[in-house]
Amino acid sequence: MEWKKTPPELAARFDRAAPQDPRIAHKVMFGYPALFLNGNMFAFTFRDNIVVRLSEPERTRAMKSGARAFEPMPGRPMKEYIAVRAADVSKPATLAKWLEQARAYATTLPEKKVAKKTRTKATAKKR
């Protein structure tokens with residue numbers, strides 16, 4: 001499968017539409033812009049799609065309106081994530097609505113703690 005980057009104009013629209021919440025971290029995951037809240041990724045671009053993390057009822061509703069389960073590799077869906085085509089979020093307000101819905105769901109998730117790196121016996125022997 002050919003690696004396709006997100007078009008620069010879509011990445012720029014994604015950044016402009018990001019919710020205004022000081023807790024949101026803007027990062028890059030696998031070369032794509034992504035948004036995180038409390039360590040949980042809740043939205044990102046993938047090729048020419050916007051991918052958002054939603055609750056089960058919201059995912060069901062979204063899929064009835066044309067969104068699809070997000071599968072970065074065929075047959076390997078990412079749990080809780082749906083993909084929305086860029087053409088379906090061409091209006092800034094529509095894109096902002098999707099991102100806000102994903103941010104709201106992310107506020108219900110437990111904060112991810114960063115695991116401390118521990119030294120293994122093999123690492124300790126090298127020192």
# chains A, B, ... in the order shown; residues from 1 in each chain; ligands from 1
call {"tool": "select_by_dssp", "arguments": {"residues": "segment 1-104 of chain A", "states": "strand (DSSP E or B)", "output": "PyMOL selection string"}}
result
chain A and resi 24-29+32-37+40-46+49-53+68-69+73+76+81-85
call {"tool": "residues_around", "arguments": {"residues": "Glu71 of chain A", "least_positions_apart": "3", "cutoff": "12 Å", "atoms": "only C-alpha atoms", "output": "ChimeraX atom specification"}}
result
/A:46,49,51,68,74-84
call {"tool": "closest_residue", "arguments": {"among": "A:Ala11, A:Lys4, A:Ala102, A:Pro92", "to": "Glu58 of chain A", "atoms": "only C-alpha atoms"}}
result
A:Ala102
call {"tool": "closest_residue", "arguments": {"among": "A:Arg13, A:Ser55, A:Arg47, A:Arg23", "to": "Leu109 of chain A", "atoms": "only C-alpha atoms"}}
result
A:Ser55
call {"tool": "residues_around", "arguments": {"residues": "Leu35 of chain A", "least_positions_apart": "3", "cutoff": "6 Å", "atoms": "only C-alpha atoms", "output": "JSON, numbers by chain"}}
result
{"A": [25, 26, 41, 42, 43]}
call {"tool": "closest_residue", "arguments": {"among": "A:Val114, A:Ile50, A:Leu99, A:Ala34", "to": "Ala86 of chain A", "atoms": "only C-alpha atoms"}}
result
A:Ile50
call {"tool": "atom_distance", "arguments": {"atom1": "atom CA of Tyr105 of chain A", "atom2": "atom CA of Gln20 of chain A"}}
result
15.2 Å
call {"tool": "select_by_dssp", "arguments": {"residues": "segment 33-109 of chain A", "states": "helix (DSSP H, G or I)", "output": "MDAnalysis selection string"}}
result
chainID A and resid 56:64 86:89 92:106
